[in-house]
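A.B. asks: Just so it is clear, I am handing over input-v1.cif, which has mmCIF, N, CA and C atoms.
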data_final
loop_
_atom_site.label_atom_id
_atom_site.label_comp_id
_atom_site.auth_asym_id
_atom_site.auth_seq_id
_atom_site.Cartn_x
_atom_site.Cartn_y
_atom_site.Cartn_z
N MET A 290 0.84 -1.17 0.00
CA MET A 290 0.00 0.00 0.00
C MET A 290 0.89 1.24 0.00
N GLU A 291 0.58 2.12 -0.86
CA GLU A 291 1.34 3.36 -1.00
C GLU A 291 0.68 4.43 -0.13
N GLN A 292 1.41 4.90 0.87
CA GLN A 292 0.87 5.87 1.82
C GLN A 292 0.43 7.16 1.14
N SER A 293 1.23 7.66 0.19
CA SER A 293 0.88 8.90 -0.48
C SER A 293 -0.36 8.75 -1.35
N GLU A 294 -0.54 7.57 -1.97
CA GLU A 294 -1.72 7.31 -2.78
C GLU A 294 -2.98 7.29 -1.92
N THR A 295 -2.90 6.65 -0.76
CA THR A 295 -4.02 6.62 0.17
C THR A 295 -4.37 8.04 0.57
N HIS A 296 -3.36 8.82 0.93
CA HIS A 296 -3.59 10.20 1.37
C HIS A 296 -4.22 11.02 0.25
N GLU A 297 -3.73 10.87 -0.97
CA GLU A 297 -4.26 11.61 -2.12
C GLU A 297 -5.72 11.25 -2.39
N ARG A 298 -6.04 9.97 -2.35
CA ARG A 298 -7.42 9.54 -2.59
C ARG A 298 -8.36 10.03 -1.49
N LEU A 299 -7.90 9.97 -0.25
CA LEU A 299 -8.73 10.46 0.85
C LEU A 299 -8.94 11.97 0.74
N LEU A 300 -7.90 12.69 0.40
CA LEU A 300 -8.05 14.14 0.23
C LEU A 300 -9.08 14.47 -0.85
N PHE A 301 -9.06 13.70 -1.95
CA PHE A 301 -10.06 13.90 -3.01
C PHE A 301 -11.46 13.71 -2.46
N LEU A 302 -11.70 12.59 -1.78
CA LEU A 302 -13.02 12.31 -1.23
C LEU A 302 -13.41 13.34 -0.17
N GLN A 303 -12.49 13.65 0.73
CA GLN A 303 -12.77 14.59 1.81
C GLN A 303 -13.00 16.01 1.30
N SER A 304 -12.46 16.34 0.15
CA SER A 304 -12.66 17.69 -0.39
C SER A 304 -14.12 17.95 -0.74
N PHE A 305 -14.92 16.89 -0.83
CA PHE A 305 -16.34 17.02 -1.15
C PHE A 305 -17.23 16.89 0.10
N THR A 306 -16.66 16.88 1.27
CA THR A 306 -17.47 16.76 2.49
C THR A 306 -18.49 17.90 2.51
N GLY A 307 -19.76 17.51 2.63
CA GLY A 307 -20.85 18.48 2.64
C GLY A 307 -21.26 18.96 1.27
N LYS A 308 -20.64 18.39 0.21
CA LYS A 308 -20.94 18.80 -1.16
C LYS A 308 -21.18 17.57 -2.03
N GLU A 309 -21.84 17.82 -3.17
CA GLU A 309 -22.05 16.75 -4.15
C GLU A 309 -20.71 16.37 -4.78
N LEU A 310 -20.42 15.08 -4.77
CA LEU A 310 -19.18 14.58 -5.35
C LEU A 310 -19.28 14.66 -6.87
N SER A 311 -18.23 15.15 -7.50
CA SER A 311 -18.17 15.18 -8.96
C SER A 311 -16.76 14.78 -9.38
N GLY A 312 -16.63 14.39 -10.62
CA GLY A 312 -15.32 14.00 -11.13
C GLY A 312 -14.84 12.66 -10.64
N SER A 313 -15.77 11.80 -10.21
CA SER A 313 -15.40 10.46 -9.77
C SER A 313 -14.93 9.63 -10.96
N PRO A 314 -14.00 8.69 -10.74
CA PRO A 314 -13.64 7.76 -11.81
C PRO A 314 -14.81 6.85 -12.19
N SER A 315 -15.84 6.78 -11.33
CA SER A 315 -17.03 5.96 -11.59
C SER A 315 -18.12 6.82 -12.23
N ASN A 316 -18.45 6.53 -13.49
CA ASN A 316 -19.54 7.26 -14.15
C ASN A 316 -20.86 7.05 -13.43
N TYR A 317 -21.05 5.86 -12.87
CA TYR A 317 -22.29 5.59 -12.14
C TYR A 317 -22.37 6.46 -10.90
N MET A 318 -21.25 6.63 -10.19
CA MET A 318 -21.26 7.50 -9.01
C MET A 318 -21.61 8.93 -9.42
N ASN A 319 -21.07 9.39 -10.54
CA ASN A 319 -21.40 10.73 -11.01
C ASN A 319 -22.89 10.85 -11.29
N TRP A 320 -23.52 9.79 -11.82
CA TRP A 320 -24.96 9.80 -12.07
C TRP A 320 -25.74 9.81 -10.76
N LEU A 321 -25.26 9.06 -9.76
CA LEU A 321 -25.95 9.00 -8.47
C LEU A 321 -25.93 10.35 -7.74
N LYS A 322 -24.91 11.16 -7.96
CA LYS A 322 -24.76 12.50 -7.37
C LYS A 322 -24.77 12.47 -5.84
N PRO A 323 -23.90 11.67 -5.24
CA PRO A 323 -23.89 11.62 -3.77
C PRO A 323 -23.24 12.86 -3.16
N THR A 324 -23.60 13.11 -1.91
CA THR A 324 -22.92 14.10 -1.09
C THR A 324 -22.06 13.34 -0.10
N VAL A 325 -20.81 13.74 0.02
CA VAL A 325 -19.92 13.09 0.97
C VAL A 325 -20.23 13.60 2.36
N VAL A 326 -20.58 12.70 3.25
CA VAL A 326 -20.86 13.04 4.65
C VAL A 326 -19.59 12.87 5.48
N HIS A 327 -18.90 11.73 5.25
CA HIS A 327 -17.68 11.43 6.00
C HIS A 327 -16.82 10.49 5.15
N ALA A 328 -15.51 10.71 5.19
CA ALA A 328 -14.59 9.84 4.45
C ALA A 328 -13.33 9.63 5.27
N GLU A 329 -13.04 8.36 5.53
CA GLU A 329 -11.78 7.98 6.14
C GLU A 329 -11.33 6.69 5.47
N LYS A 330 -10.09 6.32 5.69
CA LYS A 330 -9.55 5.12 5.07
C LYS A 330 -10.40 3.91 5.46
N GLY A 331 -11.02 3.27 4.47
CA GLY A 331 -11.80 2.06 4.70
C GLY A 331 -13.21 2.26 5.23
N ALA A 332 -13.71 3.49 5.31
CA ALA A 332 -15.07 3.74 5.79
C ALA A 332 -15.59 5.04 5.18
N LEU A 333 -16.68 4.94 4.44
CA LEU A 333 -17.28 6.11 3.81
C LEU A 333 -18.74 6.23 4.21
N THR A 334 -19.22 7.46 4.29
CA THR A 334 -20.64 7.73 4.48
C THR A 334 -21.03 8.79 3.45
N PHE A 335 -21.98 8.45 2.59
CA PHE A 335 -22.48 9.36 1.56
C PHE A 335 -23.99 9.45 1.71
N SER A 336 -24.56 10.58 1.29
CA SER A 336 -26.01 10.71 1.24
C SER A 336 -26.44 10.88 -0.21
N TYR A 337 -27.68 10.49 -0.49
CA TYR A 337 -28.23 10.51 -1.84
C TYR A 337 -29.65 11.03 -1.79
N LEU A 338 -29.98 11.96 -2.67
CA LEU A 338 -31.36 12.42 -2.82
C LEU A 338 -32.02 11.55 -3.87
N ILE A 339 -33.13 10.92 -3.51
CA ILE A 339 -33.81 10.02 -4.43
C ILE A 339 -34.54 10.85 -5.49
N ARG A 340 -34.09 10.68 -6.74
CA ARG A 340 -34.68 11.38 -7.88
C ARG A 340 -35.68 10.45 -8.58
N ASN A 341 -36.55 11.04 -9.39
CA ASN A 341 -37.58 10.28 -10.09
C ASN A 341 -36.99 9.13 -10.90
N GLU A 342 -35.87 9.36 -11.59
CA GLU A 342 -35.28 8.31 -12.43
C GLU A 342 -34.65 7.18 -11.63
N MET A 343 -34.66 7.30 -10.31
CA MET A 343 -34.13 6.25 -9.42
C MET A 343 -35.25 5.38 -8.86
N THR A 344 -36.49 5.65 -9.25
CA THR A 344 -37.63 4.95 -8.66
C THR A 344 -38.22 3.92 -9.62
N ASN A 345 -38.97 3.00 -9.02
CA ASN A 345 -39.68 1.98 -9.81
C ASN A 345 -41.10 2.49 -10.13
N PRO A 346 -41.91 1.70 -10.81
CA PRO A 346 -43.26 2.16 -11.16
C PRO A 346 -44.15 2.49 -9.94
N TYR A 347 -43.77 2.03 -8.76
CA TYR A 347 -44.54 2.33 -7.54
C TYR A 347 -44.07 3.62 -6.87
N GLY A 348 -43.05 4.26 -7.47
CA GLY A 348 -42.55 5.52 -6.93
C GLY A 348 -41.59 5.36 -5.77
N ILE A 349 -41.09 4.13 -5.57
CA ILE A 349 -40.12 3.92 -4.49
C ILE A 349 -38.75 3.59 -5.10
N LEU A 350 -37.73 3.77 -4.28
CA LEU A 350 -36.36 3.53 -4.74
C LEU A 350 -36.24 2.13 -5.35
N HIS A 351 -35.78 2.09 -6.57
CA HIS A 351 -35.63 0.82 -7.29
C HIS A 351 -34.57 -0.04 -6.61
N GLY A 352 -34.85 -1.31 -6.44
CA GLY A 352 -33.90 -2.23 -5.81
C GLY A 352 -32.57 -2.29 -6.53
N GLY A 353 -32.60 -2.15 -7.85
CA GLY A 353 -31.36 -2.16 -8.62
C GLY A 353 -30.52 -0.93 -8.35
N VAL A 354 -31.16 0.20 -8.12
CA VAL A 354 -30.41 1.42 -7.78
C VAL A 354 -29.83 1.29 -6.38
N THR A 355 -30.61 0.71 -5.47
CA THR A 355 -30.10 0.46 -4.11
C THR A 355 -28.86 -0.44 -4.20
N ALA A 356 -28.96 -1.51 -4.99
CA ALA A 356 -27.81 -2.41 -5.18
C ALA A 356 -26.64 -1.66 -5.80
N GLY A 357 -26.93 -0.78 -6.75
CA GLY A 357 -25.88 0.01 -7.38
C GLY A 357 -25.19 0.96 -6.40
N ILE A 358 -25.97 1.57 -5.53
CA ILE A 358 -25.41 2.45 -4.50
C ILE A 358 -24.46 1.64 -3.61
N ILE A 359 -24.93 0.49 -3.17
CA ILE A 359 -24.13 -0.37 -2.30
C ILE A 359 -22.84 -0.80 -3.00
N ASP A 360 -22.96 -1.29 -4.23
CA ASP A 360 -21.78 -1.75 -4.96
C ASP A 360 -20.81 -0.61 -5.24
N ASP A 361 -21.33 0.53 -5.65
CA ASP A 361 -20.47 1.66 -5.98
C ASP A 361 -19.76 2.22 -4.76
N LEU A 362 -20.47 2.33 -3.64
CA LEU A 362 -19.85 2.87 -2.43
C LEU A 362 -18.85 1.89 -1.84
N ILE A 363 -19.12 0.60 -1.95
CA ILE A 363 -18.14 -0.40 -1.52
C ILE A 363 -16.88 -0.29 -2.38
N GLY A 364 -17.05 -0.11 -3.69
CA GLY A 364 -15.90 0.08 -4.56
C GLY A 364 -15.10 1.33 -4.19
N ALA A 365 -15.80 2.41 -3.86
CA ALA A 365 -15.12 3.64 -3.44
C ALA A 365 -14.38 3.44 -2.12
N THR A 366 -14.93 2.58 -1.27
CA THR A 366 -14.27 2.29 0.00
C THR A 366 -12.95 1.58 -0.24
N VAL A 367 -12.94 0.62 -1.16
CA VAL A 367 -11.68 -0.05 -1.53
C VAL A 367 -10.73 0.97 -2.15
N TYR A 368 -11.24 1.86 -2.97
CA TYR A 368 -10.44 2.94 -3.57
C TYR A 368 -9.77 3.78 -2.48
N SER A 369 -10.49 4.03 -1.38
CA SER A 369 -9.96 4.87 -0.29
C SER A 369 -8.76 4.22 0.40
N LEU A 370 -8.57 2.92 0.20
CA LEU A 370 -7.44 2.23 0.82
C LEU A 370 -6.12 2.56 0.13
N GLY A 371 -6.19 3.09 -1.08
CA GLY A 371 -4.97 3.47 -1.80
C GLY A 371 -4.14 2.30 -2.27
N LEU A 372 -4.77 1.17 -2.47
CA LEU A 372 -4.03 -0.02 -2.91
C LEU A 372 -3.60 0.12 -4.36
N ASN A 373 -2.45 -0.43 -4.69
CA ASN A 373 -1.97 -0.39 -6.07
C ASN A 373 -2.66 -1.42 -6.95
N ASP A 374 -3.27 -2.43 -6.35
CA ASP A 374 -3.93 -3.49 -7.10
C ASP A 374 -5.35 -3.09 -7.49
N ALA A 375 -5.85 -3.72 -8.55
CA ALA A 375 -7.23 -3.51 -9.00
C ALA A 375 -8.13 -4.56 -8.35
N PHE A 376 -9.30 -4.13 -7.88
CA PHE A 376 -10.27 -5.02 -7.27
C PHE A 376 -11.58 -4.92 -8.02
N THR A 377 -12.30 -6.04 -8.08
CA THR A 377 -13.61 -6.07 -8.71
C THR A 377 -14.58 -6.85 -7.82
N THR A 378 -15.86 -6.58 -7.99
CA THR A 378 -16.89 -7.24 -7.20
C THR A 378 -17.01 -8.71 -7.59
N VAL A 379 -16.99 -9.59 -6.59
CA VAL A 379 -17.21 -11.02 -6.81
C VAL A 379 -18.69 -11.33 -6.62
N ASN A 380 -19.28 -10.75 -5.59
CA ASN A 380 -20.69 -11.01 -5.30
C ASN A 380 -21.26 -9.87 -4.45
N ASN A 381 -22.56 -9.75 -4.51
CA ASN A 381 -23.32 -8.84 -3.65
C ASN A 381 -24.45 -9.64 -3.04
N SER A 382 -24.65 -9.48 -1.76
CA SER A 382 -25.79 -10.07 -1.08
C SER A 382 -26.49 -8.93 -0.35
N ILE A 383 -27.74 -8.68 -0.74
CA ILE A 383 -28.44 -7.51 -0.21
C ILE A 383 -29.77 -7.93 0.40
N ASP A 384 -30.03 -7.40 1.58
CA ASP A 384 -31.34 -7.54 2.23
C ASP A 384 -32.02 -6.18 2.16
N TYR A 385 -33.27 -6.19 1.72
CA TYR A 385 -34.08 -4.97 1.63
C TYR A 385 -35.09 -5.00 2.77
N PHE A 386 -35.14 -3.92 3.54
CA PHE A 386 -35.98 -3.90 4.74
C PHE A 386 -37.15 -2.92 4.67
N SER A 387 -36.96 -1.79 4.00
CA SER A 387 -37.96 -0.74 4.03
C SER A 387 -37.80 0.14 2.79
N PRO A 388 -38.88 0.74 2.29
CA PRO A 388 -38.76 1.57 1.09
C PRO A 388 -38.34 3.01 1.39
N ALA A 389 -37.85 3.66 0.35
CA ALA A 389 -37.64 5.10 0.34
C ALA A 389 -38.30 5.60 -0.94
N LYS A 390 -38.72 6.85 -0.96
CA LYS A 390 -39.43 7.34 -2.14
C LYS A 390 -38.76 8.59 -2.70
N GLU A 391 -39.22 9.00 -3.86
CA GLU A 391 -38.68 10.20 -4.49
C GLU A 391 -38.71 11.37 -3.53
N GLY A 392 -37.61 12.11 -3.48
CA GLY A 392 -37.51 13.26 -2.58
C GLY A 392 -36.88 12.93 -1.24
N ASP A 393 -36.81 11.62 -0.89
CA ASP A 393 -36.17 11.22 0.37
C ASP A 393 -34.66 11.37 0.26
N LEU A 394 -34.05 11.69 1.38
CA LEU A 394 -32.60 11.72 1.48
C LEU A 394 -32.19 10.47 2.25
N ILE A 395 -31.37 9.62 1.61
CA ILE A 395 -30.90 8.40 2.26
C ILE A 395 -29.40 8.53 2.52
N THR A 396 -28.92 7.75 3.46
CA THR A 396 -27.50 7.74 3.81
C THR A 396 -26.98 6.32 3.72
N ALA A 397 -25.81 6.16 3.12
CA ALA A 397 -25.17 4.85 3.01
C ALA A 397 -23.80 4.92 3.69
N LYS A 398 -23.52 3.88 4.47
CA LYS A 398 -22.29 3.84 5.27
C LYS A 398 -21.61 2.49 5.08
N THR A 399 -20.30 2.52 4.80
CA THR A 399 -19.55 1.29 4.57
C THR A 399 -18.58 1.00 5.70
N SER A 400 -18.22 -0.27 5.78
CA SER A 400 -17.17 -0.70 6.70
C SER A 400 -16.54 -1.98 6.15
N ILE A 401 -15.29 -2.17 6.51
CA ILE A 401 -14.58 -3.39 6.10
C ILE A 401 -14.80 -4.44 7.17
N ILE A 402 -15.23 -5.62 6.76
CA ILE A 402 -15.41 -6.74 7.68
C ILE A 402 -14.08 -7.48 7.84
N LYS A 403 -13.44 -7.82 6.70
CA LYS A 403 -12.14 -8.50 6.72
C LYS A 403 -11.37 -8.15 5.47
N GLN A 404 -10.12 -7.77 5.65
CA GLN A 404 -9.27 -7.44 4.51
C GLN A 404 -8.13 -8.43 4.39
N GLY A 405 -8.15 -9.17 3.30
CA GLY A 405 -7.06 -10.07 2.98
C GLY A 405 -6.30 -9.55 1.77
N ARG A 406 -5.30 -10.29 1.33
CA ARG A 406 -4.52 -9.86 0.17
C ARG A 406 -5.30 -10.05 -1.13
N LYS A 407 -6.11 -11.12 -1.21
CA LYS A 407 -6.84 -11.43 -2.43
C LYS A 407 -8.31 -11.00 -2.38
N ILE A 408 -8.91 -11.06 -1.19
CA ILE A 408 -10.33 -10.74 -1.06
C ILE A 408 -10.54 -9.78 0.11
N ILE A 409 -11.37 -8.76 -0.14
CA ILE A 409 -11.78 -7.84 0.92
C ILE A 409 -13.29 -7.99 1.05
N ASN A 410 -13.76 -8.27 2.25
CA ASN A 410 -15.19 -8.39 2.52
C ASN A 410 -15.66 -7.09 3.18
N LEU A 411 -16.71 -6.51 2.61
CA LEU A 411 -17.22 -5.23 3.10
C LEU A 411 -18.72 -5.28 3.30
N GLN A 412 -19.20 -4.31 4.06
CA GLN A 412 -20.63 -4.15 4.34
C GLN A 412 -21.03 -2.72 4.03
N CYS A 413 -22.26 -2.54 3.57
CA CYS A 413 -22.83 -1.21 3.37
C CYS A 413 -24.25 -1.21 3.91
N GLU A 414 -24.53 -0.26 4.79
CA GLU A 414 -25.88 -0.10 5.32
C GLU A 414 -26.48 1.18 4.77
N VAL A 415 -27.74 1.10 4.34
CA VAL A 415 -28.44 2.24 3.77
C VAL A 415 -29.60 2.59 4.69
N PHE A 416 -29.62 3.86 5.10
CA PHE A 416 -30.60 4.33 6.08
C PHE A 416 -31.51 5.41 5.49
N LEU A 417 -32.70 5.50 6.03
CA LEU A 417 -33.62 6.61 5.77
C LEU A 417 -33.70 7.39 7.08
N PRO A 418 -32.85 8.39 7.25
CA PRO A 418 -32.74 9.09 8.54
C PRO A 418 -34.04 9.71 9.04
N LYS A 419 -34.87 10.26 8.14
CA LYS A 419 -36.08 10.95 8.61
C LYS A 419 -37.05 10.00 9.33
N LYS A 420 -36.96 8.71 9.04
CA LYS A 420 -37.79 7.73 9.72
C LYS A 420 -36.98 6.82 10.64
N ASN A 421 -35.68 7.13 10.75
CA ASN A 421 -34.77 6.34 11.58
C ASN A 421 -34.86 4.85 11.23
N ARG A 422 -34.80 4.55 9.92
CA ARG A 422 -34.95 3.18 9.45
C ARG A 422 -33.76 2.71 8.64
N LEU A 423 -33.41 1.46 8.86
CA LEU A 423 -32.45 0.78 7.99
C LEU A 423 -33.26 0.28 6.80
N ILE A 424 -32.92 0.73 5.59
CA ILE A 424 -33.70 0.29 4.44
C ILE A 424 -33.05 -0.86 3.68
N ALA A 425 -31.73 -1.00 3.79
CA ALA A 425 -31.05 -2.12 3.13
C ALA A 425 -29.67 -2.32 3.74
N ARG A 426 -29.20 -3.56 3.66
CA ARG A 426 -27.84 -3.89 4.09
C ARG A 426 -27.27 -4.85 3.06
N GLY A 427 -26.06 -4.53 2.60
CA GLY A 427 -25.42 -5.37 1.60
C GLY A 427 -24.02 -5.76 2.03
N TYR A 428 -23.64 -6.95 1.62
CA TYR A 428 -22.29 -7.47 1.84
C TYR A 428 -21.70 -7.78 0.48
N SER A 429 -20.40 -7.57 0.35
CA SER A 429 -19.75 -7.84 -0.92
C SER A 429 -18.33 -8.32 -0.68
N ASN A 430 -17.88 -9.19 -1.56
CA ASN A 430 -16.48 -9.58 -1.60
C ASN A 430 -15.86 -8.94 -2.83
N MET A 431 -14.72 -8.31 -2.62
CA MET A 431 -13.99 -7.65 -3.71
C MET A 431 -12.71 -8.47 -3.93
N LEU A 432 -12.46 -8.85 -5.18
CA LEU A 432 -11.35 -9.72 -5.54
C LEU A 432 -10.22 -8.92 -6.17
N ASN A 433 -9.00 -9.16 -5.70
CA ASN A 433 -7.81 -8.57 -6.28
C ASN A 433 -7.58 -9.25 -7.63
N VAL A 434 -7.65 -8.49 -8.71
CA VAL A 434 -7.50 -9.05 -10.05
C VAL A 434 -6.14 -8.68 -10.67
N SER A 435 -5.28 -8.10 -9.89
CA SER A 435 -3.95 -7.70 -10.39
C SER A 435 -2.99 -8.88 -10.36
#
Here is a file; write its structure as structure tokens.

C.D. replies:
Amino acid sequence: MEQSETHERLLFLQSFTGKELSGSPSNYMNWLKPTVVHAEKGALTFSYLIRNEMTNPYGILHGGVTAGIIDDLIGATVYSLGLNDAFTTVNNSIDYFSPAKEGDLITAKTSIIKQGRKIINLQCEVFLPKKNRLIARGYSNMLNVS
């Protein structure tokens, strides 16, 4: 792990604290338009305003978008580690607990469960703060493909 690379990546993420993140290497993240709430090595918290194009025909947050938020934020968490190796998602396991609707502000928070050389296991919890509800929790394994 390159210390300066970790520091540089964290500074990039932290520079958006309280603001909408832009210029991400992830085009999907740019589409999601998250606001960085907190960023530290191996743990990120972002908030997302649910827009109409993120909802299903019932007007609630689409499960695929929820999965995308979880996968993308987990990827950004691995990015925050400043590793020289490339990692990709092996699997996602997501439990959906409660809906969110257009106009809601949700918060997603990541943590590392176990970090190995080849596989990093992470968790992401998605909350609806205005109702104090956990709306989804996802686990993912990220594989070192370098």

A.B. asks: Translate the PyMOL selection byres ((chain A and resi 410) around 8) into a concrete residue list for this structure, as a list in words.

C.D. replies: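 Selected by the PyMOL selection byres ((chain A and resi 410) around 8) here: Ser400, Ile401, Ile402, Lys403, Gln404, Gly405, Lys407, Ile408, Ile409, Leu411, Gln412, Tyr428, Ser429, Asn430, Met431 and Leu432 of chain A.
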
A.B. asks: Show me, as a PyMOL selection string, the residues that have an atom within 6 Å of Asp384 (chain A) when counting only N, CA and C atoms, minus same-chain residues fewer than 3 positions from it.

C.D. replies: chain A and resi 424-427

A.B. asks: Please, which residues of chain A, numbered as in this document, come out helix (DSSP H, G or I) from DSSP, as a VMD selection string?

C.D. replies: chain A and resid 292 to 303 316 to 321 341 to 343 352 to 369 418 to 420

A.B. asks: To one decimal place, how far is CA of Leu350 (chain A) from CA of Phe416 (chain A) in Å?

C.D. replies: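 Taking CA of Leu350 (chain A) as the start and CA of Phe416 (chain A) as the end point, the length is 12.3 Å.
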
A.B. asks: Any idea what the distance is between CA of Thr306 (chain A) and CA of Arg422 (chain A)?

C.D. replies: 23.2 Å

A.B. asks: Can you list, as a ChimeraX atom specification, every residue of chain A that DSSP puts in strand (DSSP E)?

C.D. replies: /A:324-329,332-338,376-385,394-404,408-417,422-433

A.B. asks: Excluding Ser435 (chain A) and residues on its chain fewer than 2 positions from it, collect all residues at most 6 Å away from it, counting only C-alpha atoms, and give them as an NGL selection string.

C.D. replies: :A and (374-375 or 433)

A.B. asks: Using Å and a single decimal, report how far atom N of Ser293 (chain A) sits from atom N of Ile358 (chain A).

C.D. replies: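 Going from atom N of Ile358 (chain A) over to atom N of Ser293 (chain A), I get 28.5 Å.
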